[in-house]
Every structure is written in C-alpha cells, then in structure tokens.
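Asks: Just one file: protein.cif, with mmCIF, C-alpha atoms.
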data_coords
loop_
_atom_site.group_PDB
_atom_site.id
_atom_site.type_symbol
_atom_site.label_atom_id
_atom_site.label_comp_id
_atom_site.auth_asym_id
_atom_site.auth_seq_id
_atom_site.Cartn_x
_atom_site.Cartn_y
_atom_site.Cartn_z
ATOM 1 C CA MET A 1272 -25.899 24.326 -7.730
ATOM 2 C CA ILE A 1273 -23.412 21.486 -7.544
ATOM 3 C CA ASP A 1274 -23.192 19.678 -4.189
ATOM 4 C CA ASP A 1275 -20.303 17.825 -2.514
ATOM 5 C CA ARG A 1276 -21.451 14.413 -3.642
ATOM 6 C CA GLU A 1277 -21.632 15.522 -7.279
ATOM 7 C CA MET A 1278 -18.181 17.057 -7.006
ATOM 8 C CA ALA A 1279 -16.883 13.766 -5.599
ATOM 9 C CA GLU A 1280 -18.445 11.854 -8.489
ATOM 10 C CA LEU A 1281 -16.837 14.237 -10.972
ATOM 11 C CA LEU A 1282 -13.445 13.766 -9.330
ATOM 12 C CA GLY A 1283 -13.694 9.973 -9.427
ATOM 13 C CA GLU A 1284 -16.575 7.553 -9.215
ATOM 14 C CA ALA A 1285 -16.641 4.941 -6.498
ATOM 15 C CA PRO A 1286 -16.902 1.342 -7.771
ATOM 16 C CA ARG A 1287 -20.541 0.252 -7.526
ATOM 17 C CA SER A 1288 -19.763 -3.200 -6.084
ATOM 18 C CA ALA A 1289 -16.830 -5.292 -4.868
ATOM 19 C CA ASP A 1290 -14.766 -6.524 -7.795
ATOM 20 C CA PRO A 1291 -13.516 -10.131 -7.343
ATOM 21 C CA SER A 1292 -10.613 -9.562 -9.748
ATOM 22 C CA PHE A 1293 -9.398 -6.756 -7.502
ATOM 23 C CA ARG A 1294 -9.280 -9.224 -4.585
ATOM 24 C CA PHE A 1295 -7.362 -11.755 -6.705
ATOM 25 C CA ASP A 1296 -4.837 -9.072 -7.651
ATOM 26 C CA VAL A 1297 -4.408 -8.171 -3.971
ATOM 27 C CA MET A 1298 -3.830 -11.859 -3.127
ATOM 28 C CA ALA A 1299 -1.261 -12.144 -5.927
ATOM 29 C CA ARG A 1300 0.589 -9.095 -4.609
ATOM 30 C CA MET A 1301 0.485 -10.519 -1.086
ATOM 31 C CA SER A 1302 2.179 -13.717 -2.235
ATOM 32 C CA VAL A 1303 4.784 -11.833 -4.313
ATOM 33 C CA ARG A 1304 5.643 -9.672 -1.297
ATOM 34 C CA ALA A 1305 5.829 -12.725 0.978
ATOM 35 C CA ARG A 1306 8.201 -14.477 -1.446
ATOM 36 C CA ARG A 1307 10.352 -11.365 -1.736
ATOM 37 C CA ARG A 1308 10.510 -10.985 2.036
ATOM 38 C CA ALA A 1309 11.390 -14.673 2.523
ATOM 39 C CA SER A 1310 14.223 -14.474 -0.006
ATOM 40 C CA LEU A 1311 15.526 -11.311 1.663
ATOM 41 C CA ASP A 1312 15.472 -13.031 5.071
ATOM 42 C CA ARG A 1313 17.297 -16.014 3.601
ATOM 43 C CA ALA A 1314 19.929 -13.760 2.030
ATOM 44 C CA VAL A 1315 20.463 -11.871 5.310
ATOM 45 C CA LYS A 1316 20.876 -15.160 7.212
ATOM 46 C CA GLN A 1317 23.377 -16.497 4.676
ATOM 47 C CA VAL A 1318 25.426 -13.296 4.684
ATOM 48 C CA ALA A 1319 25.426 -13.235 8.502
ATOM 49 C CA THR A 1320 26.502 -16.885 8.754
ATOM 50 C CA PHE A 1321 29.358 -16.581 6.283
ATOM 51 C CA THR A 1322 30.489 -13.273 7.768
ATOM 52 C CA LEU A 1323 30.615 -14.910 11.177
ATOM 53 C CA LEU A 1324 32.582 -17.833 9.770
ATOM 54 C CA GLY A 1325 34.962 -15.464 8.002
ATOM 55 C CA PHE A 1326 35.506 -13.413 11.156
ATOM 56 C CA SER A 1327 36.139 -16.468 13.322
ATOM 57 C CA VAL A 1328 39.585 -17.057 11.777
ATOM 58 C CA PRO A 1329 41.116 -13.583 12.415
ATOM 59 C CA ILE A 1330 39.444 -13.447 15.859
ATOM 60 C CA ALA A 1331 40.989 -16.815 16.784
ATOM 61 C CA GLN A 1332 44.378 -15.593 15.544
ATOM 62 C CA ALA A 1333 44.045 -12.382 17.522
ATOM 63 C CA LEU A 1334 43.323 -14.447 20.630
ATOM 64 C CA GLY A 1335 46.610 -16.258 20.125
ATOM 65 C CA PHE A 1336 45.377 -19.484 18.571
ATOM 66 C CA THR A 1337 47.786 -20.949 16.036
ATOM 67 C CA TRP A 1338 46.781 -23.494 13.430
ATOM 68 C CA ALA A 1339 48.340 -26.247 15.550
ATOM 69 C CA ASP A 1340 46.241 -25.166 18.577
ATOM 70 C CA ALA A 1341 43.076 -24.843 16.550
ATOM 71 C CA GLN A 1342 43.447 -28.146 14.674
ATOM 72 C CA PRO A 1343 41.499 -30.302 17.173
ATOM 73 C CA ILE A 1344 38.715 -27.678 17.393
ATOM 74 C CA ALA A 1345 38.580 -27.387 13.596
ATOM 75 C CA LEU A 1346 38.435 -31.169 13.310
ATOM 76 C CA ALA A 1347 35.606 -31.350 15.851
ATOM 77 C CA ALA A 1348 33.742 -28.531 14.041
ATOM 78 C CA GLY A 1349 34.197 -30.355 10.733
ATOM 79 C CA VAL A 1350 32.791 -33.563 12.195
ATOM 80 C CA VAL A 1351 29.788 -31.671 13.653
ATOM 81 C CA ALA A 1352 29.152 -29.968 10.275
ATOM 82 C CA LEU A 1353 29.334 -33.318 8.483
ATOM 83 C CA ALA A 1354 26.987 -34.888 11.024
ATOM 84 C CA TYR A 1355 24.547 -31.988 10.518
ATOM 85 C CA LEU A 1356 24.685 -32.448 6.749
ATOM 86 C CA VAL A 1357 24.058 -36.200 7.026
ATOM 87 C CA ALA A 1358 21.180 -35.576 9.447
ATOM 88 C CA ALA A 1359 19.641 -32.961 7.162
ATOM 89 C CA LEU A 1360 19.967 -35.285 4.166
ATOM 90 C CA THR A 1361 18.408 -38.124 6.122
ATOM 91 C CA ILE A 1362 15.453 -36.014 7.246
ATOM 92 C CA GLN A 1363 14.767 -34.078 4.035
ATOM 93 C CA GLY A 1364 16.225 -36.442 1.443
ATOM 94 C CA PRO A 1365 18.852 -35.385 -1.094
ATOM 95 C CA LYS A 1366 16.352 -33.943 -3.601
ATOM 96 C CA PRO A 1367 16.118 -30.345 -2.306
ATOM 97 C CA LEU A 1368 19.862 -30.157 -1.879
ATOM 98 C CA LEU A 1369 20.531 -31.522 -5.356
ATOM 99 C CA ALA A 1370 17.919 -29.201 -6.878
ATOM 100 C CA ARG A 1371 19.497 -26.250 -5.129
ATOM 101 C CA SER A 1372 22.986 -27.211 -6.303
ATOM 102 C CA ARG A 1373 21.688 -27.590 -9.857
ATOM 103 C CA ALA A 1374 20.037 -24.165 -9.680
ATOM 104 C CA ILE A 1375 23.252 -22.564 -8.415
ATOM 105 C CA LEU A 1376 25.294 -24.277 -11.168
ATOM 106 C CA ARG A 1377 22.765 -23.176 -13.798
ATOM 107 C CA ALA A 1378 22.978 -19.592 -12.551
ATOM 108 C CA VAL A 1379 26.791 -19.676 -12.736
ATOM 109 C CA MET B 309 -19.832 -4.486 7.418
ATOM 110 C CA GLU B 310 -20.718 -4.734 11.129
ATOM 111 C CA ARG B 311 -17.965 -3.921 13.648
ATOM 112 C CA GLU B 312 -18.248 -7.347 15.304
ATOM 113 C CA GLU B 313 -17.994 -9.168 11.999
ATOM 114 C CA GLU B 314 -15.016 -7.030 10.998
ATOM 115 C CA ALA B 315 -13.287 -7.722 14.316
ATOM 116 C CA ARG B 316 -13.863 -11.453 13.855
ATOM 117 C CA LEU B 317 -12.408 -11.401 10.325
ATOM 118 C CA VAL B 318 -9.431 -9.290 11.437
ATOM 119 C CA LYS B 319 -8.729 -11.814 14.179
ATOM 120 C CA LEU B 320 -8.779 -14.656 11.666
ATOM 121 C CA ALA B 321 -6.630 -12.691 9.197
ATOM 122 C CA ARG B 322 -4.042 -12.014 11.881
ATOM 123 C CA ARG B 323 -3.722 -15.784 12.311
ATOM 124 C CA GLY B 324 -2.953 -16.035 8.577
ATOM 125 C CA ASP B 325 -6.427 -16.740 7.188
ATOM 126 C CA ALA B 326 -6.209 -15.275 3.672
ATOM 127 C CA ARG B 327 -9.860 -16.068 2.951
ATOM 128 C CA ALA B 328 -10.982 -13.908 5.867
ATOM 129 C CA TYR B 329 -8.711 -11.127 4.632
ATOM 130 C CA GLY B 330 -10.256 -11.515 1.162
ATOM 131 C CA GLN B 331 -13.658 -10.775 2.696
ATOM 132 C CA LEU B 332 -12.232 -7.653 4.317
ATOM 133 C CA VAL B 333 -10.775 -6.580 0.964
ATOM 134 C CA ASP B 334 -14.197 -7.029 -0.650
ATOM 135 C CA ALA B 335 -15.876 -5.027 2.106
ATOM 136 C CA HIS B 336 -13.523 -2.043 1.966
ATOM 137 C CA GLN B 337 -12.170 -1.923 -1.576
ATOM 138 C CA SER B 338 -14.891 0.440 -2.782
ATOM 139 C CA ALA B 339 -14.109 3.155 -0.219
ATOM 140 C CA VAL B 340 -10.337 2.862 -0.633
ATOM 141 C CA ARG B 341 -10.483 2.863 -4.425
ATOM 142 C CA ALA B 342 -12.871 5.834 -4.485
ATOM 143 C CA PHE B 343 -10.565 7.776 -2.168
ATOM 144 C CA LEU B 344 -7.552 7.145 -4.393
ATOM 145 C CA ARG B 345 -9.434 7.811 -7.617
ATOM 146 C CA ARG B 346 -10.447 11.231 -6.308
ATOM 147 C CA LEU B 347 -6.958 11.840 -5.031
ATOM 148 C CA SER B 348 -4.966 10.783 -8.073
ATOM 149 C CA GLY B 349 -7.458 11.400 -10.884
ATOM 150 C CA ASP B 350 -6.438 8.180 -12.611
ATOM 151 C CA ALA B 351 -8.444 4.993 -12.049
ATOM 152 C CA ALA B 352 -5.627 2.622 -13.089
ATOM 153 C CA ASP B 353 -3.042 4.282 -10.854
ATOM 154 C CA ALA B 354 -5.581 4.427 -8.023
ATOM 155 C CA ASP B 355 -6.350 0.700 -8.254
ATOM 156 C CA ASP B 356 -2.654 -0.107 -8.423
ATOM 157 C CA ILE B 357 -1.949 1.832 -5.225
ATOM 158 C CA SER B 358 -5.069 0.392 -3.558
ATOM 159 C CA GLN B 359 -3.874 -3.165 -4.221
ATOM 160 C CA GLU B 360 -0.429 -2.373 -2.892
ATOM 161 C CA ALA B 361 -1.990 -0.786 0.211
ATOM 162 C CA PHE B 362 -4.144 -3.854 0.901
ATOM 163 C CA ALA B 363 -1.135 -6.153 0.413
ATOM 164 C CA ARG B 364 0.914 -4.040 2.833
ATOM 165 C CA THR B 365 -1.941 -3.950 5.353
ATOM 166 C CA TRP B 366 -1.923 -7.767 5.409
ATOM 167 C CA GLU B 367 1.725 -7.594 6.514
ATOM 168 C CA VAL B 368 1.177 -4.983 9.226
ATOM 169 C CA LEU B 369 -2.239 -6.101 10.432
ATOM 170 C CA ARG B 370 -0.838 -6.612 13.931
ATOM 171 C CA ARG B 371 -0.371 -2.831 14.219
ATOM 172 C CA TYR B 372 -4.100 -2.240 13.660
ATOM 173 C CA ASP B 373 -5.580 -1.644 17.118
ATOM 174 C CA GLY B 374 -9.268 -1.942 16.160
ATOM 175 C CA ARG B 375 -10.286 1.450 17.587
ATOM 176 C CA SER B 376 -11.440 2.669 14.168
ATOM 177 C CA SER B 377 -12.686 0.860 11.084
ATOM 178 C CA LEU B 378 -10.151 -1.148 9.094
ATOM 179 C CA ARG B 379 -10.846 0.989 6.018
ATOM 180 C CA THR B 380 -9.469 4.009 7.930
ATOM 181 C CA PHE B 381 -6.278 2.071 8.586
ATOM 182 C CA VAL B 382 -6.017 0.920 4.935
ATOM 183 C CA CYS B 383 -6.633 4.467 3.687
ATOM 184 C CA GLY B 384 -3.778 5.688 5.899
ATOM 185 C CA VAL B 385 -1.474 3.131 4.294
ATOM 186 C CA ALA B 386 -2.831 4.029 0.837
ATOM 187 C CA PHE B 387 -2.242 7.750 1.416
ATOM 188 C CA HIS B 388 1.362 7.026 2.368
ATOM 189 C CA TYR B 389 1.831 4.949 -0.810
ATOM 190 C CA TRP B 390 0.193 7.622 -2.973
ATOM 191 C CA ARG B 391 2.513 10.291 -1.581
ATOM 192 C CA ARG B 392 5.549 8.121 -2.216
ATOM 193 C CA ALA B 393 4.435 7.223 -5.748
ATOM 194 C CA ARG B 394 3.726 10.871 -6.487
ATOM 195 C CA ARG B 395 7.190 11.958 -5.487
ATOM 196 C CA SER B 396 8.960 9.219 -7.377
ATOM 197 C CA ASN B 397 6.883 9.247 -10.552
ATOM 198 C CA ARG B 398 8.451 11.856 -12.794
ATOM 199 C CA ARG B 399 6.509 10.757 -15.877
ATOM 200 C CA ARG B 400 3.197 11.624 -14.288
ATOM 201 C CA ARG B 401 3.545 15.324 -14.938
ATOM 202 C CA ALA B 402 4.256 14.841 -18.642
ATOM 203 C CA ARG B 403 1.278 12.504 -18.980
ATOM 204 C CA ASP B 404 -0.999 14.913 -17.140
ATOM 205 C CA GLU B 405 0.028 17.768 -19.400
ATOM 206 C CA ALA B 406 -0.607 15.675 -22.508
ATOM 207 C CA TYR B 407 -3.980 14.605 -21.109
ATOM 208 C CA SER B 408 -4.833 18.163 -20.265
ATOM 209 C CA GLU B 409 -4.100 19.356 -23.797
ATOM 210 C CA LEU B 410 -6.152 16.526 -25.290
ATOM 211 C CA SER B 411 -8.998 17.185 -22.917
ATOM 212 C CA ASP B 412 -9.067 20.878 -23.689
ATOM 213 C CA ARG B 413 -10.157 20.004 -27.183
ATOM 214 C CA GLU B 414 -12.715 17.406 -26.037
ATOM 215 C CA SER B 415 -14.193 19.580 -23.330
ATOM 216 C CA GLN B 416 -15.693 21.978 -25.847
ATOM 217 C CA SER B 417 -18.344 19.368 -26.795
ATOM 218 C CA ASP B 418 -19.061 17.884 -23.320
ATOM 219 C CA PRO B 419 -20.020 20.250 -20.480
ATOM 220 C CA ARG B 420 -19.619 17.525 -17.792
ATOM 221 C CA LEU B 421 -16.114 16.741 -19.037
ATOM 222 C CA ALA B 422 -15.255 20.414 -18.785
ATOM 223 C CA GLN B 423 -16.381 20.389 -15.147
ATOM 224 C CA LYS B 424 -14.331 17.268 -14.481
ATOM 225 C CA LEU B 425 -11.233 18.884 -15.921
ATOM 226 C CA ALA B 426 -11.759 22.116 -14.063
ATOM 227 C CA LEU B 427 -12.105 20.179 -10.809
ATOM 228 C CA ARG B 428 -9.096 17.998 -11.580
ATOM 229 C CA ARG B 429 -6.948 21.050 -12.290
ATOM 230 C CA ALA B 430 -8.112 22.713 -9.107
ATOM 231 C CA MET B 431 -7.326 19.518 -7.147
ATOM 232 C CA GLU B 432 -3.826 19.343 -8.673
ATOM 233 C CA GLU B 433 -3.119 22.817 -7.336
ATOM 234 C CA LEU B 434 -4.144 22.005 -3.759
ATOM 235 C CA PRO B 435 -1.592 20.956 -1.110
ATOM 236 C CA GLU B 436 -1.425 17.183 -0.549
ATOM 237 C CA ASP B 437 -3.204 17.119 2.808
ATOM 238 C CA GLN B 438 -6.010 19.392 1.622
ATOM 239 C CA ARG B 439 -6.485 17.303 -1.476
ATOM 240 C CA ALA B 440 -6.621 14.082 0.510
ATOM 241 C CA ALA B 441 -9.075 15.592 3.003
ATOM 242 C CA LEU B 442 -11.442 16.470 0.161
ATOM 243 C CA ALA B 443 -11.011 13.071 -1.493
ATOM 244 C CA LEU B 444 -12.032 11.403 1.765
ATOM 245 C CA CYS B 445 -14.907 13.630 2.831
ATOM 246 C CA LEU B 446 -16.573 15.054 -0.289
ATOM 247 C CA GLY B 447 -18.341 11.819 -1.178
ATOM 248 C CA GLN B 448 -19.358 11.476 2.500
ATOM 249 C CA ASP B 449 -17.565 8.118 2.621
ATOM 250 C CA PHE B 450 -15.643 9.162 5.726
ATOM 251 C CA THR B 451 -16.510 11.284 8.736
ATOM 252 C CA HIS B 452 -14.237 14.193 9.620
ATOM 253 C CA ALA B 453 -12.888 12.248 12.599
ATOM 254 C CA GLU B 454 -12.045 9.248 10.414
ATOM 255 C CA ALA B 455 -10.385 11.450 7.801
ATOM 256 C CA ALA B 456 -8.342 13.191 10.509
ATOM 257 C CA GLU B 457 -7.139 9.773 11.654
ATOM 258 C CA VAL B 458 -6.271 8.647 8.116
ATOM 259 C CA LEU B 459 -4.234 11.784 7.466
ATOM 260 C CA ASN B 460 -2.862 12.011 10.989
ATOM 261 C CA LEU B 461 -4.099 15.598 11.371
ATOM 262 C CA PRO B 462 -5.914 17.436 14.184
ATOM 263 C CA LEU B 463 -9.679 17.608 13.609
ATOM 264 C CA GLY B 464 -9.670 21.418 13.405
ATOM 265 C CA THR B 465 -6.959 21.430 10.748
ATOM 266 C CA LEU B 466 -8.847 18.861 8.725
ATOM 267 C CA LYS B 467 -12.066 20.880 8.857
ATOM 268 C CA SER B 468 -10.266 23.999 7.721
ATOM 269 C CA HIS B 469 -8.631 22.008 4.879
ATOM 270 C CA ILE B 470 -12.082 20.905 3.737
ATOM 271 C CA THR B 471 -13.587 24.394 3.925
ATOM 272 C CA ARG B 472 -10.729 25.973 1.992
ATOM 273 C CA GLY B 473 -10.448 23.133 -0.496
ATOM 274 C CA ARG B 474 -14.174 23.084 -1.159
ATOM 275 C CA ALA B 475 -14.110 26.835 -1.796
ATOM 276 C CA ARG B 476 -11.282 26.392 -4.312
ATOM 277 C CA LEU B 477 -13.161 23.635 -6.117
ATOM 278 C CA ARG B 478 -16.366 25.673 -6.205
ATOM 279 C CA ALA B 479 -14.451 28.632 -7.554
ATOM 280 C CA ALA B 480 -13.005 26.386 -10.270
ATOM 281 C CA LEU B 481 -16.565 25.476 -11.283
ATOM 282 C CA GLY B 482 -17.604 29.107 -11.224
ATOM 283 C CA ALA B 483 -19.975 28.564 -8.273
ATOM 284 C CA PRO B 484 -20.199 31.067 -5.381
ATOM 285 C CA ALA B 485 -18.242 30.019 -2.289
ATOM 286 C CA GLU B 486 -20.165 28.930 0.824
ATOM 287 C CA THR B 487 -19.484 30.546 4.155
ATOM 288 C CA ASN B 488 -20.633 27.791 6.540
ATOM 289 C CA ASP B 489 -18.755 24.543 7.219
ATOM 290 C CA ASP B 490 -20.371 21.018 7.236
#
Here is the file; what I need is its structure written in the form of structure tokens.
Replies:
Amino acid sequence: MIDDREMAELLGEAPRSADPSFRFDVMARMSVRARRRASLDRAVKQVATFTLLGFSVPIAQALGFTWADAQPIALAAGVVALAYLVAALTIQGPKPLLARSRAILRAV
Amino acid sequence: MEREEEARLVKLARRGDARAYGQLVDAHQSAVRAFLRRLSGDAADADDISQEAFARTWEVLRRYDGRSSLRTFVCGVAFHYWRRARRSNRRRRARDEAYSELSDRESQSDPRLAQKLALRRAMEELPEDQRAALALCLGQDFTHAEAAEVLNLPLGTLKSHITRGRARLRAALGAPAETNDD
C-alpha cells in the first residue's frame, strides 16, 4: 500500500540538501531585476521631465505669455540650468557625462 | 531554522543584507523546490520558478508580516509565478505529450516509472488549487494551515481538496480510496 510520502516522492523528490549554486542563481536574478527596475525608474523620470518641459511652453502661451514676456524668465532658467551643469561636473567630474554621451552616440 | 533566527535574518535582509537573505534561501530552498517539482513535474522548470520566486520575495520582503514561516510566504509567491508561467507557456503541452509518448514505451520495463507517469497524469487532470494543495501537503512538508495560507484558501476547502485529490491519485495507482481524512 503506497502512502502519502511515497506518492510525494514519486511526484518529485525534494533536494536532499541546500544547493549553493541555487543560491548563486537567486542572487544573480536579484541583481538583474534590480538593474532592470533601476533603468525603468530612470526612463520614467526622464520621460516625465521632458514631458513637463514640453508642456511648459504651450501652458505659458495659454496663460498669455509671449516670447518677449518670457525672455527674462527663459534667460534666468538657462543660467540656472548652466549653473546646475557646472556644479554637477565639478562634483562628479566630466567622466560619467562623457561616457554617457559616448554611449548615446554609439547607440545612434 | 528556528523562528527567532529566521526573524533576525529577515530583519537584516530587509535592511539590504544579501548575505542574510542567502542564508534564508539556503534554509527554505528545499521545501520550495520540492513543492514546485511536485506541482510542475519538471525539475528544471521548478527550479527556474523557485529562483524567480526567491528573487521576487527579496523585493517584497517588507510585505512579509512574520506571522507564518518565510517559506509559506515564498511558496505563495512561487504558486503565483507557476500559475502565470503555466498560462503563458504554450509549448509545455506539446512537450508533455511528447514526453508522455516516450514514457509509455519506457514504462513497460520499469514499474516505478509507470507509477510516476500514472501519478503525473492524474495530477495534470486536477484543478490548479487541488494540485497545489497535494504538492504542499503530501510530503508532509507543510501543515494544512500553512498550505491554506500559501494558496489563500479556507482551511476546510483545502482539506477537501486534499481528500479528493488523494483519492484521484490513489485511483490512478489502482489503490483503493481511503474514507478518512488526515
């Protein structure tokens, strides 16, 4: 007479001991998933930023701003953006930025 | 693994300690892999889903409330992944049929293999929840309460799944069905 445990063994045997290679594979999958999630987050942030920038022009126009009105604001925004870029380059160094530009150019 | 030790490792893993999580993987991989092997009938597929389940558990470890063992939580994730893989994998059926034909020929010389195939066929015919309930409880790896939590089923439903499923498997082996549960 076959019992439950025997039936379970016939359906699929349990591994006798913990397999280290299984743990390594799990760790590898964890890092792949983390990388994928980080790149997705980055993509979402970039899309959101550029969408916001793109929308700012028609919204400003709808609010009655003409180019002549917006010129000082645009100039100030440009100066702030430039200052941010210089600050980022000073803190991080130009290497990551250059590497990124090279990667984008290579992809194109 | 002791509950206190598991709680300590979970706490460390939640803070991002991958080494602590590795210890948890080592402690629970056997139960999770056995569950999926019995469920899917294919060791490679089972290990693949198990790894994916452990990797996903690392991401959602904050949702684990510690009321049950971590392996119960991982098995719940694994069951969800198995169900999803089963629905999306159209090639599985073709492979199973080919395997079944091949095995029919082999089973004539090996009585244990014939039993394995009969059980596997019977399992394939069971509804998903019933199949998973048997995969969890037949090897006595999980209590009925734990299995009910993994499958998100009431305890009574789970017990009836096991009784009916066990009867179907016994019938597939040509054994008389039992009347009592547990």
Asks: Using the chain letters and numbering of this document, enumerate as number ranges by chain the residues selected by the PyMOL selection byres ((chain A) within 10 of (chain B)).
Replies: A: 1272-1291, 1293-1305
Asks: So, counting all atoms listed in the file, which residue among B:Arg476, B:Gly464, B:Val318, B:Ile357 is closest to B:Tyr389?
Replies: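 Going through B:Arg476, B:Gly464, B:Val318, B:Ile357 one by one, the smallest distance to B:Tyr389 is for B:Ile357.
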Asks: Expressed in Å to a single decimal, how great is the separation between atom CA of B:Arg394 and atom CA of B:Arg379?
Replies: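 Computing it gives 21.6 Å between the two atoms.
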Asks: How many Å separate atom CA of B:Gly324 from atom CA of A:Ile1362?
Replies: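 If I compute the distance from atom CA of B:Gly324 to atom CA of A:Ile1362, I get 27.2 Å.
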Asks: Step by step, gather every atom of stretch 1344-1349 of chain A that the file lists, find the box along x, y and z that holds them, add 6 Å on each side, and finally give centre and edge lengths in Å to one decimal, as JSON.
Replies:
{"center_x": 36.2, "center_y": -29.4, "center_z": 14.1, "size_x": 17.0, "size_y": 16.0, "size_z": 18.7}
Asks: Provide the atom CA of B:Arg323 to atom CA of B:Ser376 distance in Å, to one decimal place.
Replies: 20.1 Å
